[in-house]
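Listing of my_file.txt, compact mmCIF, N, CA and C atoms
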# COMPACT_ATOMS: atom_id res chain seq x y z
N MET Y 722 0.86 -1.17 0.00
CA MET Y 722 0.00 0.00 0.00
C MET Y 722 0.91 1.24 0.00
N THR Y 723 0.51 2.24 -0.78
CA THR Y 723 1.31 3.46 -0.90
C THR Y 723 0.60 4.63 -0.22
N LEU Y 724 1.37 5.69 0.03
CA LEU Y 724 0.77 6.90 0.59
C LEU Y 724 -0.26 7.49 -0.36
N GLY Y 725 -0.02 7.41 -1.65
CA GLY Y 725 -0.98 7.92 -2.63
C GLY Y 725 -2.31 7.18 -2.55
N LYS Y 726 -2.25 5.87 -2.37
CA LYS Y 726 -3.46 5.06 -2.25
C LYS Y 726 -4.24 5.46 -1.00
N ILE Y 727 -3.52 5.67 0.09
CA ILE Y 727 -4.17 6.10 1.34
C ILE Y 727 -4.79 7.48 1.18
N ALA Y 728 -4.07 8.40 0.54
CA ALA Y 728 -4.58 9.76 0.34
C ALA Y 728 -5.86 9.74 -0.48
N ASN Y 729 -5.88 8.95 -1.55
CA ASN Y 729 -7.10 8.84 -2.37
C ASN Y 729 -8.25 8.24 -1.57
N ALA Y 730 -7.96 7.19 -0.82
CA ALA Y 730 -9.00 6.53 -0.03
C ALA Y 730 -9.56 7.47 1.04
N MET Y 731 -8.69 8.24 1.68
CA MET Y 731 -9.16 9.14 2.74
C MET Y 731 -10.14 10.17 2.20
N GLN Y 732 -9.91 10.66 1.00
CA GLN Y 732 -10.83 11.62 0.41
C GLN Y 732 -12.20 10.99 0.20
N ILE Y 733 -12.23 9.74 -0.25
CA ILE Y 733 -13.50 9.05 -0.48
C ILE Y 733 -14.17 8.73 0.86
N LEU Y 734 -13.40 8.32 1.84
CA LEU Y 734 -13.97 8.03 3.17
C LEU Y 734 -14.60 9.29 3.77
N GLU Y 735 -13.94 10.42 3.62
CA GLU Y 735 -14.52 11.69 4.12
C GLU Y 735 -15.80 12.02 3.36
N GLN Y 736 -15.82 11.76 2.07
CA GLN Y 736 -17.03 11.99 1.26
C GLN Y 736 -18.18 11.12 1.78
N ILE Y 737 -17.90 9.85 2.04
CA ILE Y 737 -18.92 8.93 2.54
C ILE Y 737 -19.41 9.39 3.91
N LYS Y 738 -18.49 9.80 4.76
CA LYS Y 738 -18.84 10.26 6.11
C LYS Y 738 -19.81 11.45 6.06
N ARG Y 739 -19.57 12.38 5.14
CA ARG Y 739 -20.44 13.56 5.01
C ARG Y 739 -21.86 13.19 4.59
N LYS Y 740 -22.01 12.05 3.92
CA LYS Y 740 -23.32 11.62 3.44
C LYS Y 740 -24.15 10.93 4.53
N LYS Y 741 -23.57 10.76 5.70
CA LYS Y 741 -24.25 10.15 6.84
C LYS Y 741 -24.92 8.83 6.47
N PRO Y 742 -24.11 7.83 6.11
CA PRO Y 742 -24.67 6.53 5.73
C PRO Y 742 -25.16 5.76 6.96
N SER Y 743 -25.43 4.49 6.78
CA SER Y 743 -25.88 3.64 7.88
C SER Y 743 -24.81 3.57 8.96
N PHE Y 744 -25.21 3.12 10.15
CA PHE Y 744 -24.27 3.00 11.25
C PHE Y 744 -23.12 2.06 10.91
N LYS Y 745 -23.42 0.98 10.21
CA LYS Y 745 -22.40 0.00 9.84
C LYS Y 745 -21.35 0.63 8.92
N ILE Y 746 -21.80 1.38 7.93
CA ILE Y 746 -20.87 2.04 7.01
C ILE Y 746 -20.13 3.16 7.73
N ASP Y 747 -20.83 3.89 8.56
CA ASP Y 747 -20.20 4.97 9.31
C ASP Y 747 -19.09 4.43 10.22
N TYR Y 748 -19.34 3.29 10.83
CA TYR Y 748 -18.34 2.66 11.70
C TYR Y 748 -17.13 2.23 10.87
N TRP Y 749 -17.37 1.64 9.72
CA TRP Y 749 -16.30 1.22 8.81
C TRP Y 749 -15.45 2.43 8.40
N VAL Y 750 -16.10 3.54 8.07
CA VAL Y 750 -15.39 4.77 7.70
C VAL Y 750 -14.54 5.25 8.87
N MET Y 751 -15.13 5.34 10.05
CA MET Y 751 -14.42 5.82 11.23
C MET Y 751 -13.19 4.96 11.53
N ARG Y 752 -13.35 3.65 11.47
CA ARG Y 752 -12.23 2.74 11.76
C ARG Y 752 -11.09 2.95 10.78
N ASN Y 753 -11.40 3.07 9.50
CA ASN Y 753 -10.34 3.24 8.50
C ASN Y 753 -9.70 4.61 8.56
N ILE Y 754 -10.47 5.64 8.84
CA ILE Y 754 -9.89 6.97 9.01
C ILE Y 754 -8.89 6.93 10.17
N LYS Y 755 -9.26 6.26 11.23
CA LYS Y 755 -8.38 6.14 12.39
C LYS Y 755 -7.10 5.36 12.04
N ILE Y 756 -7.25 4.28 11.30
CA ILE Y 756 -6.10 3.45 10.91
C ILE Y 756 -5.12 4.23 10.04
N PHE Y 757 -5.64 5.02 9.11
CA PHE Y 757 -4.79 5.68 8.13
C PHE Y 757 -4.43 7.13 8.46
N SER Y 758 -4.96 7.69 9.53
CA SER Y 758 -4.80 9.12 9.77
C SER Y 758 -3.34 9.56 9.93
N ASP Y 759 -2.51 8.81 10.63
CA ASP Y 759 -1.11 9.22 10.79
C ASP Y 759 -0.39 9.24 9.45
N SER Y 760 -0.58 8.20 8.65
CA SER Y 760 0.06 8.15 7.33
C SER Y 760 -0.47 9.26 6.43
N TYR Y 761 -1.78 9.50 6.49
CA TYR Y 761 -2.37 10.56 5.67
C TYR Y 761 -1.85 11.93 6.10
N ASN Y 762 -1.77 12.18 7.39
CA ASN Y 762 -1.26 13.46 7.87
C ASN Y 762 0.19 13.66 7.46
N PHE Y 763 0.98 12.59 7.50
CA PHE Y 763 2.36 12.66 7.03
C PHE Y 763 2.38 13.04 5.55
N PHE Y 764 1.55 12.38 4.76
CA PHE Y 764 1.46 12.67 3.32
C PHE Y 764 1.12 14.13 3.07
N VAL Y 765 0.11 14.64 3.76
CA VAL Y 765 -0.32 16.03 3.56
C VAL Y 765 0.79 17.00 3.94
N GLN Y 766 1.46 16.73 5.06
CA GLN Y 766 2.55 17.60 5.51
C GLN Y 766 3.69 17.63 4.49
N LYS Y 767 4.11 16.47 4.03
CA LYS Y 767 5.23 16.40 3.08
C LYS Y 767 4.83 16.97 1.71
N ARG Y 768 3.60 16.73 1.30
CA ARG Y 768 3.13 17.29 0.03
C ARG Y 768 3.14 18.82 0.10
N THR Y 769 2.70 19.36 1.22
CA THR Y 769 2.71 20.82 1.40
C THR Y 769 4.13 21.36 1.34
N GLU Y 770 5.07 20.66 1.98
CA GLU Y 770 6.47 21.10 1.94
C GLU Y 770 7.00 21.11 0.50
N ILE Y 771 6.66 20.09 -0.27
CA ILE Y 771 7.10 20.03 -1.67
C ILE Y 771 6.46 21.15 -2.47
N LEU Y 772 5.16 21.37 -2.27
CA LEU Y 772 4.47 22.43 -3.01
C LEU Y 772 5.02 23.81 -2.65
N GLU Y 773 5.31 24.04 -1.37
CA GLU Y 773 5.90 25.33 -0.96
C GLU Y 773 7.26 25.54 -1.60
N LYS Y 774 8.02 24.47 -1.74
CA LYS Y 774 9.37 24.54 -2.31
C LYS Y 774 9.34 24.87 -3.81
N TYR Y 775 8.40 24.28 -4.53
CA TYR Y 775 8.42 24.36 -6.00
C TYR Y 775 7.32 25.24 -6.61
N CYS Y 776 6.29 25.58 -5.86
CA CYS Y 776 5.13 26.26 -6.45
C CYS Y 776 4.82 27.59 -5.77
N ASN Y 777 4.19 28.46 -6.53
CA ASN Y 777 3.67 29.72 -6.00
C ASN Y 777 2.26 29.50 -5.46
N LEU Y 778 1.96 30.13 -4.37
CA LEU Y 778 0.61 30.08 -3.81
C LEU Y 778 -0.17 31.25 -4.40
N ILE Y 779 -1.19 30.93 -5.21
CA ILE Y 779 -2.01 31.97 -5.81
C ILE Y 779 -3.47 31.69 -5.48
N LYS Y 780 -4.30 32.70 -5.67
CA LYS Y 780 -5.73 32.53 -5.39
C LYS Y 780 -6.45 32.07 -6.65
N ASP Y 781 -7.37 31.10 -6.44
CA ASP Y 781 -8.16 30.62 -7.56
C ASP Y 781 -9.32 31.58 -7.83
N GLU Y 782 -10.20 31.21 -8.75
CA GLU Y 782 -11.32 32.09 -9.13
C GLU Y 782 -12.27 32.38 -7.97
N ASN Y 783 -12.24 31.53 -6.93
CA ASN Y 783 -13.08 31.77 -5.75
C ASN Y 783 -12.34 32.54 -4.66
N GLY Y 784 -11.08 32.88 -4.92
CA GLY Y 784 -10.28 33.60 -3.94
C GLY Y 784 -9.60 32.68 -2.93
N THR Y 785 -9.64 31.38 -3.16
CA THR Y 785 -9.03 30.42 -2.26
C THR Y 785 -7.56 30.22 -2.64
N PRO Y 786 -6.63 30.37 -1.69
CA PRO Y 786 -5.21 30.16 -2.01
C PRO Y 786 -4.94 28.71 -2.39
N SER Y 787 -4.13 28.51 -3.44
CA SER Y 787 -3.82 27.16 -3.90
C SER Y 787 -2.50 27.15 -4.65
N TYR Y 788 -1.84 26.00 -4.63
CA TYR Y 788 -0.60 25.82 -5.38
C TYR Y 788 -0.86 25.28 -6.79
N PHE Y 789 -2.10 24.99 -7.08
CA PHE Y 789 -2.46 24.45 -8.38
C PHE Y 789 -3.86 24.88 -8.76
N SER Y 790 -4.19 24.66 -10.02
CA SER Y 790 -5.54 24.94 -10.51
C SER Y 790 -5.98 23.75 -11.36
N LEU Y 791 -7.28 23.68 -11.60
CA LEU Y 791 -7.83 22.63 -12.46
C LEU Y 791 -8.24 23.25 -13.78
N LYS Y 792 -7.84 22.61 -14.86
CA LYS Y 792 -8.22 23.08 -16.19
C LYS Y 792 -8.59 21.86 -17.01
N ASP Y 793 -9.83 21.79 -17.43
CA ASP Y 793 -10.33 20.66 -18.22
C ASP Y 793 -10.06 19.32 -17.52
N GLY Y 794 -10.21 19.32 -16.18
CA GLY Y 794 -10.01 18.10 -15.41
C GLY Y 794 -8.56 17.76 -15.11
N ASN Y 795 -7.64 18.61 -15.55
CA ASN Y 795 -6.21 18.38 -15.31
C ASN Y 795 -5.70 19.32 -14.24
N ILE Y 796 -4.77 18.84 -13.44
CA ILE Y 796 -4.14 19.67 -12.42
C ILE Y 796 -2.98 20.42 -13.06
N ILE Y 797 -3.00 21.74 -12.91
CA ILE Y 797 -1.94 22.60 -13.42
C ILE Y 797 -1.26 23.22 -12.20
N PHE Y 798 0.01 22.84 -11.96
CA PHE Y 798 0.75 23.38 -10.82
C PHE Y 798 1.26 24.77 -11.15
N ASN Y 799 1.22 25.66 -10.16
CA ASN Y 799 1.70 27.03 -10.31
C ASN Y 799 3.19 27.06 -9.98
N LEU Y 800 4.00 26.46 -10.85
CA LEU Y 800 5.42 26.32 -10.58
C LEU Y 800 6.13 27.67 -10.55
N LYS Y 801 7.08 27.78 -9.62
CA LYS Y 801 7.92 28.97 -9.56
C LYS Y 801 8.77 29.03 -10.83
N SER Y 802 9.17 30.23 -11.21
CA SER Y 802 9.88 30.40 -12.49
C SER Y 802 11.21 29.64 -12.54
N ASN Y 803 11.87 29.46 -11.41
CA ASN Y 803 13.17 28.78 -11.42
C ASN Y 803 13.06 27.29 -11.09
N THR Y 804 11.86 26.75 -11.12
CA THR Y 804 11.63 25.36 -10.75
C THR Y 804 12.07 24.40 -11.84
N ASN Y 805 12.79 23.37 -11.42
CA ASN Y 805 13.14 22.27 -12.31
C ASN Y 805 11.99 21.27 -12.21
N TYR Y 806 11.21 21.15 -13.28
CA TYR Y 806 10.03 20.30 -13.26
C TYR Y 806 10.39 18.85 -12.95
N GLU Y 807 11.51 18.38 -13.44
CA GLU Y 807 11.90 16.99 -13.20
C GLU Y 807 12.15 16.73 -11.71
N ASP Y 808 12.78 17.69 -11.02
CA ASP Y 808 13.01 17.55 -9.58
C ASP Y 808 11.68 17.55 -8.83
N PHE Y 809 10.79 18.47 -9.21
CA PHE Y 809 9.47 18.55 -8.59
C PHE Y 809 8.71 17.24 -8.80
N SER Y 810 8.67 16.78 -10.03
CA SER Y 810 7.95 15.55 -10.36
C SER Y 810 8.53 14.36 -9.62
N LYS Y 811 9.83 14.29 -9.53
CA LYS Y 811 10.50 13.19 -8.84
C LYS Y 811 10.10 13.15 -7.36
N GLU Y 812 10.11 14.31 -6.71
CA GLU Y 812 9.76 14.36 -5.28
C GLU Y 812 8.29 14.00 -5.05
N ILE Y 813 7.40 14.54 -5.86
CA ILE Y 813 5.97 14.23 -5.73
C ILE Y 813 5.74 12.74 -5.98
N ASP Y 814 6.33 12.20 -7.03
CA ASP Y 814 6.16 10.78 -7.34
C ASP Y 814 6.70 9.89 -6.23
N GLU Y 815 7.85 10.27 -5.68
CA GLU Y 815 8.44 9.50 -4.58
C GLU Y 815 7.50 9.47 -3.38
N LEU Y 816 6.90 10.61 -3.07
CA LEU Y 816 5.97 10.68 -1.95
C LEU Y 816 4.72 9.84 -2.22
N ILE Y 817 4.13 10.01 -3.37
CA ILE Y 817 2.90 9.29 -3.72
C ILE Y 817 3.13 7.78 -3.73
N ASN Y 818 4.28 7.34 -4.21
CA ASN Y 818 4.56 5.91 -4.36
C ASN Y 818 5.28 5.29 -3.18
N MET Y 819 5.48 6.08 -2.11
CA MET Y 819 6.16 5.56 -0.93
C MET Y 819 5.33 4.46 -0.27
N SER Y 820 5.96 3.33 -0.02
CA SER Y 820 5.26 2.22 0.64
C SER Y 820 5.03 2.55 2.10
N CYS Y 821 3.91 2.08 2.59
CA CYS Y 821 3.54 2.31 3.98
C CYS Y 821 3.91 1.10 4.84
N ASP Y 822 3.85 1.33 6.10
CA ASP Y 822 4.10 0.29 7.09
C ASP Y 822 3.16 -0.89 6.85
N GLU Y 823 3.72 -2.09 6.84
CA GLU Y 823 2.89 -3.28 6.61
C GLU Y 823 1.89 -3.55 7.72
N THR Y 824 2.05 -2.88 8.86
CA THR Y 824 1.12 -3.11 9.97
C THR Y 824 -0.20 -2.37 9.79
N LEU Y 825 -0.31 -1.56 8.74
CA LEU Y 825 -1.57 -0.88 8.46
C LEU Y 825 -2.53 -1.88 7.82
N ILE Y 826 -3.43 -2.38 8.61
CA ILE Y 826 -4.38 -3.37 8.12
C ILE Y 826 -5.76 -2.72 8.08
N PRO Y 827 -6.33 -2.55 6.88
CA PRO Y 827 -7.63 -1.89 6.77
C PRO Y 827 -8.74 -2.72 7.41
N TYR Y 828 -9.74 -2.01 7.89
CA TYR Y 828 -10.95 -2.62 8.41
C TYR Y 828 -11.88 -2.78 7.21
N LYS Y 829 -12.13 -4.02 6.82
CA LYS Y 829 -12.89 -4.27 5.58
C LYS Y 829 -14.39 -4.38 5.83
N LEU Y 830 -15.11 -4.01 4.81
CA LEU Y 830 -16.57 -4.06 4.82
C LEU Y 830 -17.01 -4.88 3.61
N PRO Y 831 -17.97 -5.77 3.79
CA PRO Y 831 -18.46 -6.52 2.63
C PRO Y 831 -19.05 -5.55 1.59
N ILE Y 832 -18.68 -5.75 0.34
CA ILE Y 832 -19.13 -4.84 -0.72
C ILE Y 832 -20.64 -4.81 -0.85
N ASP Y 833 -21.32 -5.90 -0.49
CA ASP Y 833 -22.79 -5.90 -0.60
C ASP Y 833 -23.43 -4.91 0.36
N VAL Y 834 -22.74 -4.56 1.45
CA VAL Y 834 -23.27 -3.53 2.37
C VAL Y 834 -23.31 -2.18 1.65
N ILE Y 835 -22.26 -1.89 0.90
CA ILE Y 835 -22.21 -0.64 0.11
C ILE Y 835 -23.26 -0.70 -1.00
N ASN Y 836 -23.29 -1.82 -1.71
CA ASN Y 836 -24.22 -1.95 -2.84
C ASN Y 836 -25.68 -1.88 -2.41
N ASN Y 837 -25.99 -2.32 -1.20
CA ASN Y 837 -27.37 -2.33 -0.71
C ASN Y 837 -27.72 -1.10 0.12
N SER Y 838 -26.84 -0.11 0.13
CA SER Y 838 -27.13 1.11 0.89
C SER Y 838 -27.80 2.14 -0.01
N ASP Y 839 -28.32 3.18 0.61
CA ASP Y 839 -29.07 4.17 -0.18
C ASP Y 839 -28.25 5.42 -0.53
N PHE Y 840 -26.96 5.42 -0.27
CA PHE Y 840 -26.16 6.58 -0.66
C PHE Y 840 -25.35 6.23 -1.91
N THR Y 841 -24.91 7.25 -2.60
CA THR Y 841 -24.08 7.05 -3.78
C THR Y 841 -22.82 7.91 -3.65
N LEU Y 842 -21.79 7.47 -4.31
CA LEU Y 842 -20.55 8.24 -4.35
C LEU Y 842 -20.70 9.36 -5.36
N ASP Y 843 -19.94 10.43 -5.18
CA ASP Y 843 -20.02 11.56 -6.10
C ASP Y 843 -19.61 11.16 -7.51
N ASN Y 844 -18.70 10.22 -7.61
CA ASN Y 844 -18.19 9.76 -8.89
C ASN Y 844 -18.13 8.24 -8.85
N GLU Y 845 -18.70 7.58 -9.83
CA GLU Y 845 -18.72 6.11 -9.86
C GLU Y 845 -17.33 5.50 -9.77
N GLU Y 846 -16.34 6.19 -10.31
CA GLU Y 846 -14.95 5.69 -10.31
C GLU Y 846 -14.35 5.69 -8.91
N ASP Y 847 -14.94 6.44 -7.97
CA ASP Y 847 -14.40 6.52 -6.61
C ASP Y 847 -14.34 5.17 -5.91
N ILE Y 848 -15.19 4.25 -6.30
CA ILE Y 848 -15.20 2.92 -5.68
C ILE Y 848 -13.85 2.23 -5.86
N PHE Y 849 -13.15 2.53 -6.97
CA PHE Y 849 -11.85 1.92 -7.23
C PHE Y 849 -10.77 2.43 -6.27
N ASN Y 850 -10.98 3.62 -5.69
CA ASN Y 850 -10.03 4.16 -4.72
C ASN Y 850 -10.18 3.54 -3.34
N ILE Y 851 -11.30 2.84 -3.13
CA ILE Y 851 -11.50 2.20 -1.82
C ILE Y 851 -11.71 0.70 -1.93
N ASP Y 852 -11.47 0.14 -3.11
CA ASP Y 852 -11.73 -1.30 -3.29
C ASP Y 852 -10.93 -2.18 -2.34
N PHE Y 853 -9.74 -1.71 -1.92
CA PHE Y 853 -8.93 -2.49 -0.99
C PHE Y 853 -9.51 -2.50 0.43
N LEU Y 854 -10.54 -1.70 0.66
CA LEU Y 854 -11.21 -1.64 1.97
C LEU Y 854 -12.48 -2.49 1.99
N LEU Y 855 -12.76 -3.14 0.88
CA LEU Y 855 -13.97 -3.94 0.75
C LEU Y 855 -13.64 -5.42 0.61
N SER Y 856 -14.54 -6.25 1.09
CA SER Y 856 -14.38 -7.69 0.94
C SER Y 856 -15.58 -8.25 0.19
N GLU Y 857 -15.44 -9.46 -0.30
CA GLU Y 857 -16.51 -10.11 -1.06
C GLU Y 857 -17.66 -10.50 -0.16
As structure tokens, please, write out the structure in this file.
Amino acid sequence: MTLGKIANAMQILEQIKRKKPSFKIDYWVMRNIKIFSDSYNFFVQKRTEILEKYCNLIKDENGTPSYFSLKDGNIIFNLKSNTNYEDFSKEIDELINMSCDETLIPYKLPIDVINNSDFTLDNEEDIFNIDFLLSE
């Protein structure tokens, strides 16, 4: 399991939590957030350090400060003028692909519990970001 996989899963788990699903799903979300929170917080901290090093913080169209923008579904980083893109890419890739401690064991939920619930994910593809948290 990589830090990138945990980061993607945490975003989906937070999305599910906001939808106030059944107690069983809510418990599954809470358990996994607890299991992955230290690794996720490490990822966020290191990602921020990399972004501060290589990117300019600018305000988006809503006035929210950000190191990147979205254009046609693609992330566009606000790289500093003297930034070596290869160095930036290497550091980000290293962080995203960093293996996590093998003792991180997800709390799994049978997929039929999700399939038989009345909530939906914002994007159908999001299920692939949490498939490792589901069992048959």
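In this structure, CA of Thr824 in chain Y sits 11.6 Å away from CA of Ser760 in chain Y.
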Item to check | For Gln736 in chain Y, the nearest of the candidates Y:Asp843, Y:Phe849, Y:Leu855, Y:Leu772, counting only N, CA and C atoms | outcome: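 Nearest to Gln736 in chain Y: Y:Asp843.
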So that I can see what lies close to Ile826 in chain Y, please list as a PDB file with N, CA and C atoms, in the coordinates of the input the residues with an atom at most 8 Å from it, counting all atoms listed in the file and leaving out residues fewer than 2 positions away in the same chain.
ATOM      1  N   ASN Y 753     -11.400   3.070   9.500  1.00  0.00           N
ATOM      2  CA  ASN Y 753     -10.340   3.240   8.500  1.00  0.00           C
ATOM      3  C   ASN Y 753      -9.700   4.610   8.560  1.00  0.00           C
ATOM      4  N   ILE Y 756      -7.250   4.280  11.300  1.00  0.00           N
ATOM      5  CA  ILE Y 756      -6.100   3.450  10.910  1.00  0.00           C
ATOM      6  C   ILE Y 756      -5.120   4.230  10.040  1.00  0.00           C
ATOM      7  N   PHE Y 757      -5.640   5.020   9.110  1.00  0.00           N
ATOM      8  CA  PHE Y 757      -4.790   5.680   8.130  1.00  0.00           C
ATOM      9  C   PHE Y 757      -4.430   7.130   8.460  1.00  0.00           C
ATOM     10  N   ASP Y 822       3.850   1.330   6.100  1.00  0.00           N
ATOM     11  CA  ASP Y 822       4.100   0.290   7.090  1.00  0.00           C
ATOM     12  C   ASP Y 822       3.160  -0.890   6.850  1.00  0.00           C
ATOM     13  N   GLU Y 823       3.720  -2.090   6.840  1.00  0.00           N
ATOM     14  CA  GLU Y 823       2.890  -3.280   6.610  1.00  0.00           C
ATOM     15  C   GLU Y 823       1.890  -3.550   7.720  1.00  0.00           C
ATOM     16  N   THR Y 824       2.050  -2.880   8.860  1.00  0.00           N
ATOM     17  CA  THR Y 824       1.120  -3.110   9.970  1.00  0.00           C
ATOM     18  C   THR Y 824      -0.200  -2.370   9.790  1.00  0.00           C
ATOM     19  N   TYR Y 828      -9.740  -2.010   7.890  1.00  0.00           N
ATOM     20  CA  TYR Y 828     -10.950  -2.620   8.410  1.00  0.00           C
ATOM     21  C   TYR Y 828     -11.880  -2.780   7.210  1.00  0.00           C
ATOM     22  N   LYS Y 829     -12.130  -4.020   6.820  1.00  0.00           N
ATOM     23  CA  LYS Y 829     -12.890  -4.270   5.580  1.00  0.00           C
ATOM     24  C   LYS Y 829     -14.390  -4.380   5.830  1.00  0.00           C
TER      25      LYS Y 829
END
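Comparing the minimum interatomic distances between Ile851 in chain Y and each of Y:Asn729, Y:Asn805, Y:Ser838, Y:Ser758, counting all atoms listed in the file, we find that Y:Asn729 sits nearest.
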I'd like the contact shell of range 761-766 of chain Y - 7 Å cut-off, only N, CA and C atoms, skipping same-chain residues fewer than 6 positions apart - returned as a compact mmCIF listing (two decimals) with N, CA and C atoms, keeping the file's coordinate frame.
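Output saved as out.txt:
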# COMPACT_ATOMS: atom_id res chain seq x y z
N LEU Y 724 1.37 5.69 0.03
CA LEU Y 724 0.77 6.90 0.59
C LEU Y 724 -0.26 7.49 -0.36
N ILE Y 727 -3.52 5.67 0.09
CA ILE Y 727 -4.17 6.10 1.34
C ILE Y 727 -4.79 7.48 1.18
N ALA Y 728 -4.07 8.40 0.54
CA ALA Y 728 -4.58 9.76 0.34
C ALA Y 728 -5.86 9.74 -0.48
Item to check | Which of range 728-848 of chain Y DSSP labels alpha helix (DSSP H), written as a ChimeraX atom specification | outcome: /Y:728-739,744-775,806-817,832-836
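For the atom pair formed by CA of Arg768 in chain Y and CA of Leu791 in chain Y, the distance is 17.5 Å, given to one decimal.
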Next on the checklist: Excluding Leu734 in chain Y and its own-chain neighbours fewer than 2 positions away, which residues fall within 12 Å of it when counting only C-alpha atoms? Please give them as number ranges by chain.
Outcome noted: Y: 727-732, 736-742, 746-758, 842-843, 847-848, 850-852, 854
Checklist outcome for this item: Separating CA of Pro786 in chain Y from atom N of Ser810 in chain Y, to the nearest tenth of an Å, is a gap of 20.9 Å
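Considering only N, CA and C atoms, the residue among Y:Ser856, Y:Thr841, Y:Ser790, Y:Asn799 positioned nearest to Asn777 in chain Y is Y:Asn799.
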Checklist outcome for this item: Between Y:Ile771, Y:Ile797, Y:Leu830, Y:Met722, smallest distance to Glu812 in chain Y by only N, CA and C atoms belongs to Y:Ile771
Write out as lines of an AutoDock Vina configuration file an axis-aligned box for range 819-823 of chain Y: all of its atoms listed in the file, 6 Å added on each side, centre and edge lengths in Å with one decimal.
center_x = 4.0
center_y = 1.3
center_z = 2.8
size_x = 16.3
size_y = 21.6
size_z = 21.8
Checklist entry - How would you write, as a PyMOL selection string, the set of residues in chain Y that DSSP gives as strand (DSSP E)? => result chain Y and resi 779-780+786-787+789-792+795-798+830-831+855-856
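Of the listed residues (Y:Tyr775, Y:Ser743, Y:Met819, Y:Asp808), Y:Met819 comes nearest to Lys726 in chain Y; the distances count only N, CA and C atoms.
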